[in-house]
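Peer 1: Sending over a structure as structure tokens; questions will come in a sec.
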Amino acid sequence: MKKGKSSRNSAQETRTSNDTTARGGSHRPRSRIRRFWGGVKDKLRTSRSKDSRSRSPVPPNVDDQRASSTPDLEVQAAPSDVQVGDDTQLAIRDAQQAVTRMLPLSGPAITVASVGQDGPADLDAADGFQDTYLTPLRIFDTVIGEIANVHPYAKMALGVLSWTAKIILAQTDRDKAVFELLKKLGEVYSFVTQNEKLSQIESMSAILENISKQARECARFIENYAQTKNFWARFGKNIVSETTDTIQQYSDVFDRLMQNFRDQVAHDVAIHVHDITIHIHRTEEILDLKGMTYAKGAGLDTRKQCLQGTRTEILSEITEWVKSTGDNVQRVLWLSGPAGKGKSAIAHTIAKRFEDAGGLGSCYSFDRQREADRRHEKIFSTIARDLADRDPGMRRALADAVQAASSLKTTADIVQQWQKLLIEPLKKSSGSTGEPILIMIDALDESGRVETRRDLLRILAGKHPNPAVPKITDLPGNFRFIVTSRALDDINDEFQGVQNIRRISMDDIPTALAERDIHAYISKELEGRGFEDREFAALAKKADGLFEWARLACGFIKERHLGLSPIDCYNEVVSHNPAKRDMLLYSMYKLILTNIMSKDTSTHVQHLQELHATALARFRSVMGQILGTAEPLPLASLNAMRRHFPTQEDNFNVELVVKSMGSLLSGTTNPDSPIRPLHASFHDFLTDKPSSGEFFIDLP
């Protein structure tokens, strides 16, 4: 009995002694920990009975289903002028300030100067300071998890210690998660406020309003969390709360809202791209001038340019005129002269110069062999389209004109073309830039008959009987027209004495200059064929200023002739003396044709009159077919037509005639190229009976 009583007394004394010791100073930490865990137990007992209002706030747009829930991101409609307000910015600033006062597990407060800048660095510094406390706990927690075979009481004690380590580590992770959430909040807020134009986009206003709302609520949550400055106080407060879930839910909400923002941007971009595509398509339809009449093949032909280094004086004179300024400068330059003088070569050389300089408005060439194209009915619509291609302002004005009156697209009335497609659109476009704009009209004499070019001549001369028709002086002051032609009577009558037209005649070019240039041309053509400079000079003098004659002569000399050497052909050319200079070309044509007929019959019986007559008849038949077609045709088409001729004598291959006429006709070596005279004077020669003699072609 005494023994048992003594034991009970000893246990009581031990408890008393322990209590006394607990109240003493040497074992005070053990008493603080006991009181702390007591507080924890009280929280565990009382937290289950608390109303949901005592829980940590969660994002209002997130379903309250713990960590496994998916935030509800339904966006409510908002006015188009909604902006991220100042209250959001103030709430974020308060959250930042509160976080700066938070104490880590041990050590000084963490300084967060600004979200996304100094915050991460300070947080890393705090983590480094806490490694002294947290690293042993993490190691301990890992080791406890690996211990399996221990005494039940020891295992129970270790379990309590493991649980304690886990919740301390969890609180540390919560602090870090709050810092990360504050960083994300700052980034989201900075993004949506960096450009004030975002709030002006109607489709973005609802999303921006929702982001602003979530930012304010998240900032208040962080501020409330950070109000508990002491780490152990936050530790006890958050053991059984939903703080961790709330932090994650806010983070998820911001991710979803930003994804919604990006999706809306992609959607809007797709819509805008579609709208822009439609707008461009409609603009192209409006500015589409493809339905307008346009003369194909009438433009610049670089093959017709002068030989480099020739015609330098007249080219400089014309270029200076085009570039001249002032109210007294004539708007039209008429370059006239007989056939073969090189007018077209000069015209296309000037046109190429200004094309390279960006000043060629249009180059329009007539061609007697293309009368079927009716180019005289398409001149100003073609020039207008060429100008529209180089000037967007002119294109818009021209498109407006034809959109208002569709008939203008195909009208053959050049007076309407002149007024509605050229003068009026140019007045409405951006206007004169000061740089010269050149309009080249080549071979006006090949535009058809007198009546087909009457209106064109009157427009250029400013002599139209209708006073309402604009004059050429109504064009911008930097526009210049160059017209080339032979001095036909109707052209001379309209242009002669007109103050606004400057005339340069090819006949006015000094003989020495013309001979010099032709000499350079002949030297180039006959180079390497055994001729000396005196032969070149003789041919140049014989040409008498006609570049076309020089071309024909060089072609005749270079061509192979049975039994004749190049020097024999040269002697034949220089010894042929026509009575008049005007007949020089015709004489050359007759010489070439006589030689061709002789060569063609030389393979048979020489001087047999029947064979010569057959060859001559076939020549007239083929050339009549070539000159009589409304449009030049290639060799295959000419042969196809010939198969339908009524007489057997006409059923032969056209190539038998044209194969030896390469110096007079184009397209003789290519079956797909149209066959036509190389120069208009050859057509005139063949249809002039006194000049052509036995080679005369009687066209209907």
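In the structure tokens, each chain is lettered A, B, ... as it comes, each chain's residues begin at 1, and ligands are numbered from 1 in order of appearance.
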For A:Phe695, work out the shell of residues within 12 Å, counting only C-alpha atoms and skipping chain neighbours fewer than 4 positions away, then give it as a PyMOL selection string.
Peer 2: chain A and resi 586+589-594+596-597+613+615-624+682-691
Peer 1: Could the residues in this selection be written to a file with N, CA and C atoms, as an mmCIF file, in the first residue's frame?
Peer 2:
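Result went into result04.cif, see below:
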```cif
data_model
loop_
_atom_site.group_PDB
_atom_site.id
_atom_site.type_symbol
_atom_site.label_atom_id
_atom_site.label_comp_id
_atom_site.auth_asym_id
_atom_site.auth_seq_id
_atom_site.Cartn_x
_atom_site.Cartn_y
_atom_site.Cartn_z
ATOM 1 N N TYR A 586 11.850 53.692 -154.058
ATOM 2 C CA TYR A 586 11.146 52.878 -155.026
ATOM 3 C C TYR A 586 12.132 52.180 -155.956
ATOM 4 N N TYR A 589 13.479 49.267 -154.103
ATOM 5 C CA TYR A 589 12.502 48.174 -154.086
ATOM 6 C C TYR A 589 12.509 47.427 -155.425
ATOM 7 N N LYS A 590 12.523 48.168 -156.526
ATOM 8 C CA LYS A 590 12.503 47.533 -157.845
ATOM 9 C C LYS A 590 13.769 46.719 -158.066
ATOM 10 N N LEU A 591 14.902 47.246 -157.628
ATOM 11 C CA LEU A 591 16.152 46.510 -157.775
ATOM 12 C C LEU A 591 16.110 45.188 -157.019
ATOM 13 N N ILE A 592 15.624 45.226 -155.767
ATOM 14 C CA ILE A 592 15.581 44.017 -154.937
ATOM 15 C C ILE A 592 14.614 42.999 -155.533
ATOM 16 N N LEU A 593 13.429 43.444 -155.964
ATOM 17 C CA LEU A 593 12.444 42.517 -156.521
ATOM 18 C C LEU A 593 12.915 41.916 -157.839
ATOM 19 N N THR A 594 13.550 42.716 -158.666
ATOM 20 C CA THR A 594 14.079 42.196 -159.931
ATOM 21 C C THR A 594 15.104 41.104 -159.675
ATOM 22 N N ILE A 596 15.249 39.221 -156.972
ATOM 23 C CA ILE A 596 14.569 38.054 -156.402
ATOM 24 C C ILE A 596 13.925 37.229 -157.513
ATOM 25 N N MET A 597 13.249 37.878 -158.447
ATOM 26 C CA MET A 597 12.596 37.153 -159.525
ATOM 27 C C MET A 597 13.623 36.423 -160.389
ATOM 28 N N ALA A 613 6.961 34.501 -166.058
ATOM 29 C CA ALA A 613 5.585 34.975 -165.943
ATOM 30 C C ALA A 613 4.858 34.259 -164.808
ATOM 31 N N ALA A 615 6.269 32.966 -162.055
ATOM 32 C CA ALA A 615 6.806 33.494 -160.794
ATOM 33 C C ALA A 615 6.232 34.869 -160.494
ATOM 34 N N LEU A 616 6.128 35.706 -161.531
ATOM 35 C CA LEU A 616 5.596 37.046 -161.333
ATOM 36 C C LEU A 616 4.118 37.004 -160.965
ATOM 37 N N ALA A 617 3.370 36.093 -161.574
ATOM 38 C CA ALA A 617 1.949 35.958 -161.258
ATOM 39 C C ALA A 617 1.761 35.491 -159.814
ATOM 40 N N ARG A 618 2.600 34.571 -159.370
ATOM 41 C CA ARG A 618 2.509 34.092 -157.985
ATOM 42 C C ARG A 618 2.882 35.213 -157.004
ATOM 43 N N PHE A 619 3.872 36.032 -157.382
ATOM 44 C CA PHE A 619 4.233 37.165 -156.530
ATOM 45 C C PHE A 619 3.052 38.116 -156.363
ATOM 46 N N ARG A 620 2.398 38.474 -157.470
ATOM 47 C CA ARG A 620 1.251 39.388 -157.393
ATOM 48 C C ARG A 620 0.127 38.771 -156.568
ATOM 49 N N SER A 621 -0.082 37.465 -156.732
ATOM 50 C CA SER A 621 -1.164 36.799 -155.998
ATOM 51 C C SER A 621 -0.908 36.826 -154.490
ATOM 52 N N VAL A 622 0.333 36.498 -154.097
ATOM 53 C CA VAL A 622 0.655 36.455 -152.668
ATOM 54 C C VAL A 622 0.664 37.860 -152.074
ATOM 55 N N MET A 623 1.299 38.817 -152.753
ATOM 56 C CA MET A 623 1.351 40.171 -152.205
ATOM 57 C C MET A 623 -0.027 40.811 -152.194
ATOM 58 N N GLY A 624 -0.866 40.487 -153.167
ATOM 59 C CA GLY A 624 -2.243 40.972 -153.121
ATOM 60 C C GLY A 624 -2.993 40.405 -151.928
ATOM 61 N N PHE A 682 6.898 50.501 -148.869
ATOM 62 C CA PHE A 682 6.832 49.341 -149.762
ATOM 63 C C PHE A 682 5.401 49.113 -150.232
ATOM 64 N N HIS A 683 4.447 49.324 -149.330
ATOM 65 C CA HIS A 683 3.031 49.249 -149.705
ATOM 66 C C HIS A 683 2.714 50.312 -150.762
ATOM 67 N N ASP A 684 3.220 51.523 -150.550
ATOM 68 C CA ASP A 684 2.968 52.603 -151.503
ATOM 69 C C ASP A 684 3.599 52.293 -152.859
ATOM 70 N N PHE A 685 4.767 51.736 -152.854
ATOM 71 C CA PHE A 685 5.445 51.383 -154.104
ATOM 72 C C PHE A 685 4.644 50.348 -154.888
ATOM 73 N N LEU A 686 4.210 49.292 -154.221
ATOM 74 C CA LEU A 686 3.506 48.212 -154.918
ATOM 75 C C LEU A 686 2.152 48.661 -155.467
ATOM 76 N N THR A 687 1.521 49.614 -154.826
ATOM 77 C CA THR A 687 0.190 50.063 -155.271
ATOM 78 C C THR A 687 0.268 51.285 -156.184
ATOM 79 N N ASP A 688 1.485 51.750 -156.501
ATOM 80 C CA ASP A 688 1.659 52.860 -157.438
ATOM 81 C C ASP A 688 2.179 52.291 -158.763
ATOM 82 N N LYS A 689 1.311 52.179 -159.767
ATOM 83 C CA LYS A 689 1.656 51.485 -161.014
ATOM 84 C C LYS A 689 2.815 52.121 -161.757
ATOM 85 N N PRO A 690 2.856 53.455 -161.872
ATOM 86 C CA PRO A 690 4.004 54.029 -162.587
ATOM 87 C C PRO A 690 5.338 53.706 -161.931
ATOM 88 N N SER A 691 5.348 53.575 -160.612
ATOM 89 C CA SER A 691 6.610 53.314 -159.908
ATOM 90 C C SER A 691 6.957 51.837 -159.902
#
```
Peer 1: Please compute the atom CA of A:Ser190-atom CA of A:Arg101 distance, one decimal, in Å.
Peer 2: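 About the pair atom CA of A:Ser190 and atom CA of A:Arg101: they are 23.1 Å apart.
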Peer 1: Could you give me, as a list in words, the residues within 6 Å of stretch 328-336 of chain A, counting only C-alpha atoms and dropping anything in the same chain fewer than 2 positions from it?
Peer 2: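 Answer for this query is Gly326, Arg480, Phe481, Ile482, Val483, Thr484, Ser485, Arg486, Ala487, Asn500, Ile501, Arg502, Arg503, Ile504 and Ser505 of chain A.
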Peer 1: Which of stretch 404-470 of chain A end up as alpha helix (DSSP H) when DSSP is run on this backbone - answer as a list of chain:residue names?
Peer 2: A:Ala404, A:Ile414, A:Val415, A:Gln416, A:Glu424, A:Pro425, A:Leu426, A:Lys427, A:Lys428, A:Arg454, A:Asp455, A:Leu456, A:Leu457, A:Arg458, A:Ile459, A:Leu460, A:Ala461
Peer 1: Mind dumping the selected residues with N, CA and C atoms as a CSV table (one decimal), in the first residue's frame?
Peer 2:
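Saved result, out.csv, follows:
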```
chain,number,residue,atom,x,y,z
A,404,ALA,N,-19.7,56.0,-113.7
A,404,ALA,CA,-20.9,56.8,-113.8
A,404,ALA,C,-21.5,56.7,-115.2
A,414,ILE,N,-13.9,59.6,-130.4
A,414,ILE,CA,-12.7,60.1,-129.7
A,414,ILE,C,-12.9,61.5,-129.1
A,415,VAL,N,-13.9,62.2,-129.5
A,415,VAL,CA,-14.2,63.5,-128.9
A,415,VAL,C,-14.7,63.2,-127.4
A,416,GLN,N,-15.6,62.3,-127.2
A,416,GLN,CA,-16.0,61.9,-125.9
A,416,GLN,C,-14.8,61.3,-125.1
A,424,GLU,N,-11.2,65.6,-118.2
A,424,GLU,CA,-11.9,65.7,-116.9
A,424,GLU,C,-11.2,64.9,-115.8
A,425,PRO,N,-10.8,63.6,-116.0
A,425,PRO,CA,-10.2,62.9,-115.0
A,425,PRO,C,-8.8,63.5,-114.6
A,426,LEU,N,-8.1,64.0,-115.5
A,426,LEU,CA,-6.8,64.7,-115.2
A,426,LEU,C,-7.0,65.9,-114.3
A,427,LYS,N,-8.1,66.6,-114.5
A,427,LYS,CA,-8.4,67.8,-113.6
A,427,LYS,C,-8.8,67.3,-112.2
A,428,LYS,N,-9.4,66.1,-112.1
A,428,LYS,CA,-9.8,65.7,-110.8
A,428,LYS,C,-8.7,64.9,-110.0
A,454,ARG,N,-9.8,63.1,-139.0
A,454,ARG,CA,-10.1,64.5,-139.0
A,454,ARG,C,-10.3,65.0,-137.6
A,455,ASP,N,-11.1,64.3,-136.8
A,455,ASP,CA,-11.4,64.8,-135.4
A,455,ASP,C,-10.1,64.8,-134.6
A,456,LEU,N,-9.2,63.8,-134.8
A,456,LEU,CA,-8.0,63.8,-134.0
A,456,LEU,C,-7.1,65.0,-134.4
A,457,LEU,N,-7.0,65.3,-135.7
A,457,LEU,CA,-6.2,66.5,-136.1
A,457,LEU,C,-6.8,67.8,-135.5
A,458,ARG,N,-8.1,67.9,-135.5
A,458,ARG,CA,-8.7,69.1,-135.0
A,458,ARG,C,-8.5,69.2,-133.5
A,459,ILE,N,-8.6,68.1,-132.7
A,459,ILE,CA,-8.3,68.1,-131.3
A,459,ILE,C,-6.9,68.6,-131.0
A,460,LEU,N,-5.9,68.0,-131.7
A,460,LEU,CA,-4.5,68.3,-131.5
A,460,LEU,C,-4.2,69.8,-131.9
A,461,ALA,N,-4.9,70.3,-132.9
A,461,ALA,CA,-4.7,71.6,-133.3
A,461,ALA,C,-5.5,72.7,-132.6
```
Peer 1: Could you give me, as a ChimeraX atom specification, each residue of stretch 430-612 of chain A that DSSP assigns to strand (DSSP E or B) when run on this structure's backbone?
Peer 2: /A:437-442,479-485,501-505,561,564
Peer 1: Keeping only C-alpha atoms, write the selected residues to a file as a PDB file, in the first residue's frame.
Peer 2:
```
ATOM      1  CA  ILE A 437       4.676  63.883-119.071  1.00  0.00           C
ATOM      2  CA  LEU A 438       5.225  62.808-122.681  1.00  0.00           C
ATOM      3  CA  ILE A 439       2.505  61.496-124.995  1.00  0.00           C
ATOM      4  CA  MET A 440       3.964  60.034-128.209  1.00  0.00           C
ATOM      5  CA  ILE A 441       1.785  59.532-131.322  1.00  0.00           C
ATOM      6  CA  ASP A 442       3.801  57.840-134.061  1.00  0.00           C
ATOM      7  CA  PHE A 479       1.989  67.573-120.702  1.00  0.00           C
ATOM      8  CA  ARG A 480       3.781  67.384-124.057  1.00  0.00           C
ATOM      9  CA  PHE A 481       2.610  65.678-127.287  1.00  0.00           C
ATOM     10  CA  ILE A 482       4.957  64.512-130.047  1.00  0.00           C
ATOM     11  CA  VAL A 483       3.356  63.582-133.383  1.00  0.00           C
ATOM     12  CA  THR A 484       5.256  62.008-136.280  1.00  0.00           C
ATOM     13  CA  SER A 485       3.940  61.698-139.851  1.00  0.00           C
ATOM     14  CA  ILE A 501       2.276  73.397-132.530  1.00  0.00           C
ATOM     15  CA  ARG A 502       6.014  73.355-133.057  1.00  0.00           C
ATOM     16  CA  ARG A 503       7.186  71.738-136.301  1.00  0.00           C
ATOM     17  CA  ILE A 504      10.508  70.034-136.973  1.00  0.00           C
ATOM     18  CA  SER A 505      11.053  68.695-140.486  1.00  0.00           C
ATOM     19  CA  HIS A 561      22.775  35.920-154.518  1.00  0.00           C
ATOM     20  CA  LEU A 564      27.218  37.348-157.076  1.00  0.00           C
TER      21      LEU A 564
END
```
Peer 1: Any idea what's packed within 9 Å of A:Ile350, counting only C-alpha atoms, ignoring anything in its chain fewer than 3 positions away? Could you give it as an mmCIF file with C-alpha atoms, in the first residue's frame?
Peer 2:
```cif
data_model
loop_
_atom_site.group_PDB
_atom_site.id
_atom_site.type_symbol
_atom_site.label_atom_id
_atom_site.label_comp_id
_atom_site.auth_asym_id
_atom_site.auth_seq_id
_atom_site.Cartn_x
_atom_site.Cartn_y
_atom_site.Cartn_z
ATOM 1 C CA GLN A 305 15.340 52.871 -131.659
ATOM 2 C CA LEU A 315 17.285 63.927 -129.979
ATOM 3 C CA ILE A 318 13.398 67.353 -128.760
ATOM 4 C CA THR A 319 14.367 66.331 -125.206
ATOM 5 C CA ALA A 345 13.264 55.612 -134.822
ATOM 6 C CA ILE A 346 13.580 59.071 -133.291
ATOM 7 C CA ALA A 347 10.103 58.842 -131.763
ATOM 8 C CA ARG A 353 14.334 57.771 -122.685
ATOM 9 C CA PHE A 354 11.336 59.177 -120.885
ATOM 10 C CA GLU A 355 10.069 55.744 -119.944
ATOM 11 C CA MET A 440 3.964 60.034 -128.209
#
```
